[in-house]
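Notes to accompany the following structure.
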Amino acid sequence: MEPVEVKVSDLNVWIGGSHILKDVSMKAPPGAVTAVMGPSGSGKSTLIRVINRLIDLIPGARVEGKVLLGSLDALRADPYEVRRRTGMVFQEPNPFPHMTIYDNVAIGPRIHGLARGEELDRLVEWALKMAHLWDEVKDRLRDYPHQLSGGQKQRLSLARALALKPRVLLLDEPTANIDPVSTVKIERSIMEYAKTTMATVIIVTHTPQQAARISDHILFIYQGRVVEYGPTREVVLHPRHELTRKFLGGEV
Amino acid sequence: MSEARFKLLVAPPAIVSSAILVLLFIVLLYYSLPAIREYGLGLLASPTWKPVEGAPGEYGLLIPLAGTLVSAVIAVLLAMPLALASVVFTEEILPRGLYRWREAFVSMIDVMTGLPTIVYGLWGAAVLAPLLGDTLYKWLHRSLSFIPLFSCQPTTGNTILTAGVLLAIMITPFIYAVVRESYRQIPRTYREAALSLGTTRYEYVRIMMGMAKPAILAGALIGFGRAAGETVAVALVVGNTFNMPSCLLAPSYTVSSLIANQFANAQLYPLMLNVLVSGGLILLLIGIASNILGIMYLRRVRYVA
Ligand SMILES: Nc1ncnc2c1ncn2[C@@H]1O[C@H](COP(=O)(O)OP(=O)(O)O)[C@@H](O)[C@H]1O
Ligand SMILES: [Mg+2]
């Protein structure tokens, strides 16, 4: 599968009357994790919802600029096609409550006719292993997710996204409400997925520590504008901008 | 008003309203007892209805009971797709920008739940029954008469099928309201999760409907309860004839239309009133059972994984 670079140029987003994202340009390379940081309300979630066109669901949202997923013009393309190529994990663990653990992972491949029978079994196993959940659920794939812990549910949500082997994986503060053990597992999955499949991973994170642990690049947004973008080491050790320094120090 | 006084003011009406159901049951049971004693199981199992003046006749409720069940089942089967399609239409298809249109459409369906049922009955008798009788039923009989359900020669539009169709129209708004309320409560995060998999709108709706399945079952049950109990509209179109509803194109009876039709005569015939009341008791039980089950399913609607 082709590596896909995500390239955002001159992106502006308005919701209702307010200007949410202002002239945002950024790149996220394949095979790497790009962390998006910034205070609450600065537009991080909006940015990744533009990339997979979930922004279409928000009434009154207006988007200008360009978003490329490889050669696919994401703002012009069929939104189903865009979402088919991008996976997403949300802040709240959200496996479908009416589907078994197995079916939650199998739903994507089934809908897109990717695999059946034993092949599907293997794909589900692969995704659950990738999400570091397999050992905990392999004996109860037919159970419903309500018995799982919050962290396990979040890994199940991750496995559901991974089962489609998306070239671009988007995560919106996936560990904000998750126990530390699951957080570590999710962080490992994300890094492994990026490295082993050359996928492009963009993760919104609420903590600079997490960004430092797992990302290769950091994008720092403040009030809808890109303040700083660079390799993680540089941004963390030598932030160029005063705001970044303050954010890393926990002051904004 | 003091706390104690306020409590005193609202407690009795609350107790009275819940006591009414129990009283209703007791009274119906009391008046049914003579019939139950006389006819036993035959009351449910016998298809005979032979009133005799001045002496206990032969009364079995099998035909109207079957009519009630058949018409209510037809109604639910026809109403479910209508109601679900309307939910999908108002919640997913009508563009969000057309907010007013959506609300207008929703209000229209809601108004339909509150209309006097006689209005449906009149429309059913004057328009629907003749229309179906002249067109659909002739066609059904001509093309599908090898199916026993359509084997009888249609002679009138007043049939058990017309009752079912009319009931379907009447209960669709109820089922719609039950399903819509639950459908709207599906948290946004599941909607986003489904869409983020690249689902088409159809696949997305299927996932959402799967999530709302308990509400759909609840809607079907509550709709069934209403259909089984509906009286006046059915009485105007069902044909009111003691005919086993094994063929849908013939007139038949339902328990409620039987009660409505025969109640005035019942004074003349010993025990007939008691038989009718026991029919009412059965309707009460069907209503209670379908509503309790429906409410139980609604309670199971919890969108948490
Ligand atoms: N659906 C929406 N309707 C109206 N305003 C929204 C909506 N989603 C986000 N916003 C606004 O956009 C801004 C950025 O939000 P968001 O992207 O969620 O920020 P972050 O994820 O960085 O906390 C906020 O001011 C928020 O109020
Ligand atoms: Mg956010």
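Labeling convention for the structure tokens: chains A, B, ... as they appear, residues from 1 per chain, ligands from 1 in order of appearance.
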| Distance filter 12 Å, only C-alpha atoms, chain B against chain A, as an NGL selection string | :B and (92 or 95-99 or 186-204 or 206-214 or 300-305)
| request: Please check which protein, DNA or RNA residues sit within 12 Å of ligand 2, counting only C-alpha atoms and all ligand atoms, and write them as a PyMOL selection string. | output: chain A and resi 36-49+90-92+171-174+176+203-206+221
| said: Just want the 8 Å neighbourhood of segment 153-155 of chain B, counted on only C-alpha atoms, with same-chain residues fewer than 5 positions away dropped. Output as a VMD selection string. | reply: chain B and resid 133 137 to 138 141 249 to 250
May I have the residues within 9 Å of Glu2 of chain A as a tab-separated table (two decimals) with N, CA, C and O atoms, in the first residue's frame, using only C-alpha atoms and disregarding those fewer than 4 positions away in the same chain?
```tsv
chain	number	residue	atom	x	y	z
A	70	GLY	N	-2.11	12.23	0.17
A	70	GLY	CA	-1.41	11.76	-1.01
A	70	GLY	C	-1.87	12.60	-2.17
A	70	GLY	O	-1.78	13.83	-2.14
A	167	ARG	N	-4.54	4.30	5.68
A	167	ARG	CA	-3.22	4.88	5.40
A	167	ARG	C	-3.00	6.09	6.30
A	167	ARG	O	-1.87	6.50	6.52
A	198	MET	N	4.04	2.09	7.52
A	198	MET	CA	4.28	3.37	6.86
A	198	MET	C	3.00	4.22	6.81
A	198	MET	O	2.78	4.99	5.86
A	199	ALA	N	2.18	4.06	7.83
A	199	ALA	CA	0.97	4.87	7.88
A	199	ALA	C	1.29	6.27	8.41
A	199	ALA	O	2.30	6.48	9.07
```
Long-range neighbours of Val201 of chain A as a compact mmCIF listing (two decimals) with N, CA, C and O atoms, in the first residue's frame, 8 Å cut-off, only C-alpha atoms, 2 positions minimum in chain:
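Result went into result.txt, see below:
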```
# COMPACT_ATOMS: atom_id res chain seq x y z
N ALA A 28 1.99 16.09 7.53
CA ALA A 28 2.24 14.92 8.37
C ALA A 28 2.77 13.82 7.46
O ALA A 28 2.07 13.36 6.57
N PRO A 30 4.32 10.13 6.13
CA PRO A 30 4.05 8.72 6.38
C PRO A 30 5.12 8.09 7.26
O PRO A 30 6.25 8.57 7.30
N GLY A 31 4.74 7.04 7.96
CA GLY A 31 5.69 6.31 8.79
C GLY A 31 6.08 7.05 10.04
O GLY A 31 7.07 6.72 10.68
N ALA A 32 5.32 8.09 10.39
CA ALA A 32 5.68 8.89 11.55
C ALA A 32 4.42 9.33 12.30
O ALA A 32 3.32 9.28 11.75
N VAL A 33 4.62 9.72 13.54
CA VAL A 33 3.51 10.21 14.36
C VAL A 33 3.64 11.72 14.48
O VAL A 33 4.69 12.23 14.89
N THR A 34 2.59 12.42 14.10
CA THR A 34 2.57 13.87 14.25
C THR A 34 1.61 14.22 15.37
O THR A 34 0.44 13.82 15.33
N VAL A 168 -4.10 6.68 6.75
CA VAL A 168 -4.00 7.82 7.66
C VAL A 168 -4.80 7.49 8.90
O VAL A 168 -5.97 7.11 8.80
N LEU A 169 -4.17 7.58 10.06
CA LEU A 169 -4.88 7.31 11.31
C LEU A 169 -4.95 8.59 12.13
O LEU A 169 -3.92 9.21 12.42
N LEU A 170 -6.17 8.98 12.47
CA LEU A 170 -6.38 10.21 13.23
C LEU A 170 -6.84 9.84 14.64
O LEU A 170 -7.70 8.97 14.81
N LEU A 171 -6.27 10.48 15.63
CA LEU A 171 -6.69 10.19 17.01
C LEU A 171 -6.91 11.50 17.75
O LEU A 171 -6.05 12.38 17.72
N ILE A 190 0.17 2.83 18.46
CA ILE A 190 0.20 3.93 17.49
C ILE A 190 1.57 4.01 16.83
O ILE A 190 1.68 4.10 15.60
N ALA A 194 2.44 3.10 12.83
CA ALA A 194 3.07 4.06 11.92
C ALA A 194 4.34 3.47 11.32
O ALA A 194 4.54 3.52 10.10
N ALA A 199 2.18 4.06 7.83
CA ALA A 199 0.97 4.87 7.88
C ALA A 199 1.29 6.27 8.41
O ALA A 199 2.30 6.48 9.07
N ILE A 203 -2.06 12.61 15.92
CA ILE A 203 -2.72 12.45 17.21
C ILE A 203 -2.83 13.79 17.92
O ILE A 203 -1.84 14.51 18.07
```
| query | Using only C-alpha atoms, which of B:Ala215, B:Leu140, B:Val205, B:Leu78 sits nearest Gln185 of chain B? | reply | B:Ala215
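Closest to ligand 1 among A:Tyr102, A:Tyr222, A:Tyr229, A:Trp134 is A:Tyr222, based on only C-alpha atoms and all ligand atoms.
In this structure, atom CA of Arg122 of chain A sits 20.7 Å away from atom CA of Ile186 of chain A.
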Selection near segment 261-276 of chain B, 12 Å with only C-alpha atoms, sequence-local residues under 3 positions removed, as a short mmCIF file (atom, residue, chain, number, x, y, z; two decimals) with C-alpha atoms, in the first residue's frame:
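To be explicit, this is the file written out as result07.cif:
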```cif
data_model
loop_
_atom_site.label_atom_id
_atom_site.label_comp_id
_atom_site.auth_asym_id
_atom_site.auth_seq_id
_atom_site.Cartn_x
_atom_site.Cartn_y
_atom_site.Cartn_z
CA VAL B 27 -64.58 -5.10 37.66
CA LEU B 28 -63.99 -6.68 34.25
CA LEU B 29 -63.04 -9.95 35.87
CA TYR B 30 -66.14 -9.85 38.09
CA TYR B 31 -68.50 -9.41 35.16
CA SER B 32 -66.64 -11.99 33.09
CA LEU B 33 -66.92 -14.71 35.71
CA PRO B 34 -70.45 -15.91 34.78
CA ALA B 35 -69.36 -16.32 31.17
CA ILE B 36 -66.14 -18.04 32.13
CA ARG B 37 -68.06 -20.42 34.41
CA GLU B 38 -70.60 -21.24 31.74
CA TYR B 39 -68.36 -21.67 28.71
CA GLY B 40 -64.93 -22.35 30.17
CA GLY B 42 -64.84 -22.66 24.85
CA LEU B 43 -65.08 -18.93 25.36
CA LEU B 44 -61.69 -18.63 23.71
CA TRP B 49 -71.81 -17.23 18.07
CA LYS B 50 -75.46 -18.16 18.57
CA PRO B 51 -77.49 -15.77 20.65
CA VAL B 52 -80.75 -17.20 22.02
CA GLU B 53 -83.38 -14.89 23.43
CA GLY B 54 -84.26 -15.58 27.04
CA ALA B 55 -81.76 -18.42 27.40
CA PRO B 56 -77.96 -18.67 27.46
CA GLY B 57 -76.86 -18.91 23.87
CA GLU B 58 -73.62 -20.30 22.52
CA TYR B 59 -70.82 -17.79 22.54
CA GLY B 60 -67.24 -18.30 21.51
CA LEU B 61 -64.76 -15.51 20.89
CA LEU B 62 -62.39 -17.41 18.65
CA PRO B 64 -63.06 -12.00 16.88
CA LEU B 65 -59.90 -12.93 18.79
CA THR B 231 -62.38 0.05 18.18
CA VAL B 232 -64.37 2.61 16.31
CA VAL B 234 -62.04 -0.86 12.86
CA ALA B 235 -65.76 -1.32 13.42
CA LEU B 236 -66.39 0.85 10.37
CA VAL B 238 -63.81 -4.70 9.19
CA GLY B 239 -67.16 -5.93 7.92
CA ASN B 240 -68.42 -7.19 11.28
CA THR B 241 -69.11 -10.74 10.17
CA TYR B 253 -64.71 -9.31 13.30
CA THR B 254 -62.38 -8.07 15.99
CA VAL B 255 -63.03 -8.26 19.73
CA SER B 256 -63.39 -4.51 20.07
CA SER B 257 -65.68 -4.13 17.06
CA LEU B 258 -67.73 -7.03 18.37
CA GLY B 279 -63.62 -9.93 25.56
CA GLY B 280 -62.84 -6.56 27.08
CA LEU B 281 -60.81 -8.28 29.77
CA ILE B 282 -58.75 -10.05 27.14
CA LEU B 283 -58.13 -6.75 25.36
#
```
| task | as a ChimeraX atom specification, please: all residues of segment 119-249 of chain A that backbone DSSP puts in strand (DSSP E or B). | result | /A:168-172,200-204,217-222,225-231
| said: Can you tell me which residues surround Val227 of chain A at a distance of at most 10 Å, considering only C-alpha atoms, apart from same-chain residues fewer than 3 positions away, and format the answer as a PyMOL selection string? | reply: chain A and resi 24+38+219-224+240-244
| field | Backbone-only DSSP, alpha helix (DSSP H) members of segment 26-271 of chain B, as number ranges by chain | value | B: 26-39, 42-45, 62-88, 99-114, 117-123, 129-134, 136-144, 160-184, 188-196, 201-211, 213-229, 232-237, 255-262
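Note that atom CA of Ala212 of chain A and atom CA of Lys165 of chain A are 25.3 Å apart.
In this structure, atom CA of Val127 of chain B sits 18.5 Å away from atom CA of Ile171 of chain B.
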